[in-house]
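Colleague: Here's a structure for you.
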Protein chains: 4
Amino acid sequence: MSTLRTKSRARDLGIPFQGKPGRYNAITDLEGVTVGHTTIIEGEGELIVGRGPVRTGVTAILPRGRVTDPVFSGWACLNGNGEMTGTTWVEESGFLSGPIMLTNTHSIGVVHDAVIEWMHHQRPLVGPHAGNPWSLPIVAETYDGHLNDINGFHVKKEHAFKAIETSSPGPVAEGNVGGGTGMICHQFKGGIGTSSRAVNIGRNKYLVGVLVQANYGLRPLLTIAGAPVGQEITDLMPEEHTTPTTQDEQGSIIEVVATDAPLLPHQLKRLARRAPLGIARVGGVGGNGSGDIFIAFSTANPETYSNVETTEVKMLPNELMNDLFLAIVQATEEAIVNALVAAETMTGINGNKVYAIPHDQLKSALKKYNRLT
Amino acid sequence: MSTLRTKSRARDLGIPFQGKPGRYNAITDLEGVTVGHTTIIEGEGELIVGRGPVRTGVTAILPRGRVTDPVFSGWACLNGNGEMTGTTWVEESGFLSGPIMLTNTHSIGVVHDAVIEWMHHQRPLVGPHAGNPWSLPIVAETYDGHLNDINGFHVKKEHAFKAIETSSPGPVAEGNVGGGTGMICHQFKGGIGTSSRAVNIGRNKYLVGVLVQANYGLRPLLTIAGAPVGQEITDLMPEEHTTPTTQDEQGSIIEVVATDAPLLPHQLKRLARRAPLGIARVGGVGGNGSGDIFIAFSTANPETYSNVETTEVKMLPNELMNDLFLAIVQATEEAIVNALVAAETMTGINGNKVYAIPHDQLKSALKKYNRLT
Amino acid sequence: MSTLRTKSRARDLGIPFQGKPGRYNAITDLEGVTVGHTTIIEGEGELIVGRGPVRTGVTAILPRGRVTDPVFSGWACLNGNGEMTGTTWVEESGFLSGPIMLTNTHSIGVVHDAVIEWMHHQRPLVGPHAGNPWSLPIVAETYDGHLNDINGFHVKKEHAFKAIETSSPGPVAEGNVGGGTGMICHQFKGGIGTSSRAVNIGRNKYLVGVLVQANYGLRPLLTIAGAPVGQEITDLMPEEHTTPTTQDEQGSIIEVVATDAPLLPHQLKRLARRAPLGIARVGGVGGNGSGDIFIAFSTANPETYSNVETTEVKMLPNELMNDLFLAIVQATEEAIVNALVAAETMTGINGNKVYAIPHDQLKSALKKYNRLT
Amino acid sequence: MSTLRTKSRARDLGIPFQGKPGRYNAITDLEGVTVGHTTIIEGEGELIVGRGPVRTGVTAILPRGRVTDPVFSGWACLNGNGEMTGTTWVEESGFLSGPIMLTNTHSIGVVHDAVIEWMHHQRPLVGPHAGNPWSLPIVAETYDGHLNDINGFHVKKEHAFKAIETSSPGPVAEGNVGGGTGMICHQFKGGIGTSSRAVNIGRNKYLVGVLVQANYGLRPLLTIAGAPVGQEITDLMPEEHTTPTTQDEQGSIIEVVATDAPLLPHQLKRLARRAPLGIARVGGVGGNGSGDIFIAFSTANPETYSNVETTEVKMLPNELMNDLFLAIVQATEEAIVNALVAAETMTGINGNKVYAIPHDQLKSALKKYNRLT
């Protein structure tokens, strides 16, 4: 995965996003952050639980790549109809160790097991940087049961290992890939999206990068760059057959936020708490069926973790955080739209079909509201 | 106060707000809810601490009018650079007793004292509905020190009593009134705004009403009905002289949310947590200097409070809350814009001047983006 | 499991616990609650990861037995170095569906998968009581890697199914059983313990039952009925060989709290937040390596969950909760001591040996402080 | 106040407290921390609201004395039937500015006003260490209405100023002083108590100091050094006449925690969350009527606050916090007992009388349980 994209991204369509992105306009603009996807697409036709069709996968985000040095972290939640394991220890300790994994709702367990096994082979067991002998992995999910045989448990440990091991810096594949493979967003095909913002604070330049697994939202509420796009494009609704309807929001959005600004854990929590403001711009309301969970980390302050001596850490003043707040709101908005723009029409279980947002209609809608550059 | 307004409201300008408001498009659409304002405007010219000029006031929202029967309640916060007293007991007990008071940052104390004195004379001291012999009032604030002699402590107990005693149902005065008198929003004159939404859930009709004291935000981010209004109207910036600048966001927004849907305390917290999504639509990012605090209550389930026996309460299922979530987002957006539209240009301490948003330029900006009905 | 115990319990030794227990002095005193254990003990000698020795298991607590009707729930945490999945949705919705599972730290994943599979076959997929088509299971853990080949992943789905399927009302096996098999408490052998209290509130009688998986604490702090037992019994310390030492606290305590008092979700959170007070009486301080997580539910208010209409629920007034608070503190203390008293000396990986608390020395210590009845 | 005490303290009676206190066994063992009390005792006989009798006061704790350099801070709550203003900003920013004030429940407002006025005259308004132009003071309370004319509003701004201005390092007066003047604890006379612990972590020596305003608890639950003292001393119950009874717990406990260990805000929250474990040792259960609120700060990391540049801060590793956790539990227990031991029998409104715990009976009770050294 993470192959060079040739697909257009939201920005290429002329959508007037605010702010200045980093080099790849991706979470991997953060030095050291790597992303890997394992995409699993097999079979078609009628659902036979355990036999498919399969439309799912795993995405891994590694805060410092293969290095196990923990990062400061904080998390937040808009609506909690979802799972992100490991958050209780992030809240308590302010640290996050190991990869952040995204998958489908019913594959949390196997990916959790896989991370424990992988971590067991990676980290130092003794010395000043050795942590506990146990792992409390971060694994999050959204529900892909409209397209995927989710009760068939098709994700295996190997898929998780592969997402971790193939993770890389540079451009990030978006749309129907990794954990986002079978996802639906505002009743168009959704999935993985990413974006970043570069901000100057005093004499320093910082980056904020986000990656979303977007699987939430209703069509009439879809808003892009302020334009009521979802009220303009009313056709191409999901075609469903034997499965429960998606009339009611049943989705979720998981967001991973990275920055190189030297934020303390409570400041990273502040950052994570702004993710909903970006979702709101696109038309999300945190529906009851939605698991909207956000985790932020800082790549600053390496080797801060110790079990033997006091360490020194840098802190960005609270008073200088406003540009970071704006950055995460902007990057969240663009990452969701990137997921929509990159995703392709998919047919899954029982012939259920979810359409990609049509780029031409999207541009027409934006033009109607004078929002095309 | 609460006199019949003849001023136009945001909706009258042709802004295409979503959703259907209640009768007054105000928090007072909720049966029993009363609102009262005390507005204090005195003097002009140079600031002499303790002598003015004064541009401040007090707003009181009474969940069941003069009746002291507690309501179920929950609260939430976007950015916590502010104060709302009494929230710890709301969080613990799920109940709110007495009025909710809004004032300036440095008048929290006197208004708190006033509510205790008022409550002492109101409530039953014995019997099944008697609560504790003490009060833990809800008093919230935003900062009006750019226009008001905030360190002069001009709000007195009597101002708080008057806001409570004159509170009434029906239309609610907006803009430069009550606690909102000296407030600034997106670098235009702000203040009090209100709005409501009527929703049908199954066979039942429910209302969600909100009231904001809007004092947050930067001009370039101001967005109305999706249009980047703040980037279109770049003149009429606040004129400041001897006081600290408002280049950096120093404001806040307090929001009171009322519904007659039978929500339990944890569900009211869910509702309060959606207020930021409405603020995000208007361009708020929860700046570091901002105290963005939200309290929600339900007028359903009267006489639920007891100290002697188990009571019966109605509960709306979580699964049916989505329309309420959408309603609060919509009503929040409209209430903020109502505050902007109703507020009038004000000159305060040291000749500092904050302009009202010009209605004609606002309409032009909306028209440019095809967002005028 | 849940066979009739013939072993003595803490109370039988003459320890002067406060309060009046229910019939079995167990969480199963709550009508409908069932408990099942799968205990896995295999091999001995040197640790070979994947081959053992194995000293672990799974415990299942079913709030309404095999019935899938959700219960009101709330959770709390003292120190978060641990995992309890599913808490984000409990916090948001106030409901808990399905069994609560306890196991070792590295078997969270497989048990999570197993519960999803089990739930998929149990619950209604349509109708007013159908929930989401996905599951967010509650699976909690403590670390047994001092005695158990924890990285060998010896817990399988079948072990989880068996704990669920064999769960039953009546007496509950304690000590080295189920999820508690390989646990250590105050440097004696720990494990599963349970206790209950009956309280009269007005004309009503309510029960509070707790079940702990006790794996925390240092010897010098062990306090029983106020007596500094851990300072009296200084021998019989864990014998360790090749594994990391247990000099520093590396344990945790998970507690499940059940009541038939009609508490709303926020009130159940209040109850859960008192569990640490019981732990404190026994000498716990919530050490950094400890995952001290508590979940409470009420068996009252059956069939409260709906997706189509408003339901009626009973609520115990906050003002009448004090006896419940005292009950959970007392029951927590006794449940931990029950775990200690029931556990038997165990030898695990690499010959590591953890001793049972010697009943005679315990009685002598209590007698020395005039705390034996 | 803060005059040299000649009264005996709990430790002098031979109670076997654990751990090693600092020089004064007081929160003032922390370099820079100063404490001041204003005690208001006037009149006797029948209550006439506004005329007395008065049994109340104000206590001020200044984290860095008269220096306005903010400190890192975190807070926690056991039962929230109480008020501590300013906590929302502590939670958000991780910083605490200005004094921490303790008073009675109905004097929160006036003391809040007083702190704003005092702060206005103290702090820098411009420069890298200037904060916001507003104040969000920390003012906490417990209820003294059984002895004091609490609705007479006898605390004035001057009383608050005096507590701040006379605050000093060194020994701290305990019992019926300052905010603790009219307080009741386990149905004996309560009030202010303090204690500290010195701990060695690696090569460093740290202090934890606490100060409580103790006004909670029922007699039968009173436990000292593990001995059931409250069940031994059953006489000397409060004598009450016309006011509501204290049969049900109506009190609270506020605790201020100071340390010189370099803890980050989220770590100070961890510390604060352990205060209930110390209260539990003395027999507290966090009753429904109780406001049990805890705030912790660190005197380490001076001049960390800035509005212009990134600062460097020291952090104690989470892995080394266990001795601090134990220290706060021990110091909390001793501070409460110090409050009891120092307090003297008081007669207040309507002749209501609350007895001091009799030292001889206390020693007898401890001796009975072999807990006297």
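Residues are named by chain letter and number: chains run A, B, ... in the order of the structure tokens, numbers start at 1 in each chain, and ligands are numbered from 1 in the order shown.
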Would you give me, as a list in words, the residues of chain A that come within 6 Å of chain B, using only C-alpha atoms?

Modeller: Gly226, Leu277, Ala280, Arg281, Gly287, Asn322, Tyr369 and Asn370 of chain A

Colleague: Just C-alpha atoms for this one: save the residues we selected as a compact mmCIF listing (two decimals), in the first residue's frame.

Modeller:
```txt
# COMPACT_ATOMS: atom_id res chain seq x y z
CA GLY A 226 -19.97 25.54 3.06
CA LEU A 277 -15.56 20.99 14.77
CA ALA A 280 -19.41 19.59 11.86
CA ARG A 281 -18.27 21.60 8.86
CA GLY A 287 -25.48 10.49 15.50
CA ASN A 322 -4.94 28.71 18.56
CA TYR A 369 -22.63 28.24 -4.49
CA ASN A 370 -19.62 30.07 -5.86
```

Colleague: Mind checking DSSP for stretch 38-183 of chain B and telling me the strand (DSSP E or B) residues as a PyMOL selection string?

Modeller: chain B and resi 38-42+45+48+52+54-66+71-80+84+95-96+100-104+138-142+168+175

Colleague: Could you pull the residues within 7 Å of A:Gly209, counting only C-alpha atoms, minus those fewer than 5 positions along the same chain, as a list in words?

Modeller: Ala26, Ile27, Asp29, Leu30, Ser195, Ser196, Arg197, Val257, Ala258, Thr259 and Ala331 of chain A

Colleague: Please measure the separation of atom CA of B:Ile349 and atom CA of B:Glu46, giving the value in Å to one decimal.

Modeller: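 About the pair atom CA of B:Ile349 and atom CA of B:Glu46: they are 5.8 Å apart.
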
Colleague: Between D:Gly178, D:Gly14, D:Pro70, D:Gly202, which residue has the minimum interatomic distance to D:Leu362, considering only C-alpha atoms?

Modeller: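 Checking each candidate against D:Leu362, we get D:Gly14 as the closest.
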
Colleague: Have a look at atom CA of B:Arg51 and atom CA of B:Asn148 and let me know their distance in Å, one decimal.

Modeller: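 Spanning atom CA of B:Arg51 to atom CA of B:Asn148 is a straight-line distance of 10.5 Å.
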
Colleague: With DSSP run on the backbone, what are the alpha helix (DSSP H) residues within stretch 33-219 of chain D? I'd like them as a VMD selection string.

Modeller: chain D and resid 87 to 93 108 to 122 157 to 165

Colleague: So that I can check the surroundings of D:Asn338, please list as a VMD selection string every protein, DNA and RNA residue that reaches within 12 Å of it, counting only C-alpha atoms and ignoring chain neighbours fewer than 6 positions away.

Modeller: chain D and resid 7 to 13 15 17 25 to 26 172 to 176 185 189 to 196 210 to 214 224 282 331 to 332 344 356 to 357 359

Colleague: Tell me, in Å to one decimal, how far atom CA of B:Glu232 is from atom CA of B:Asp360.

Modeller: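 So the answer is 12.1 Å.
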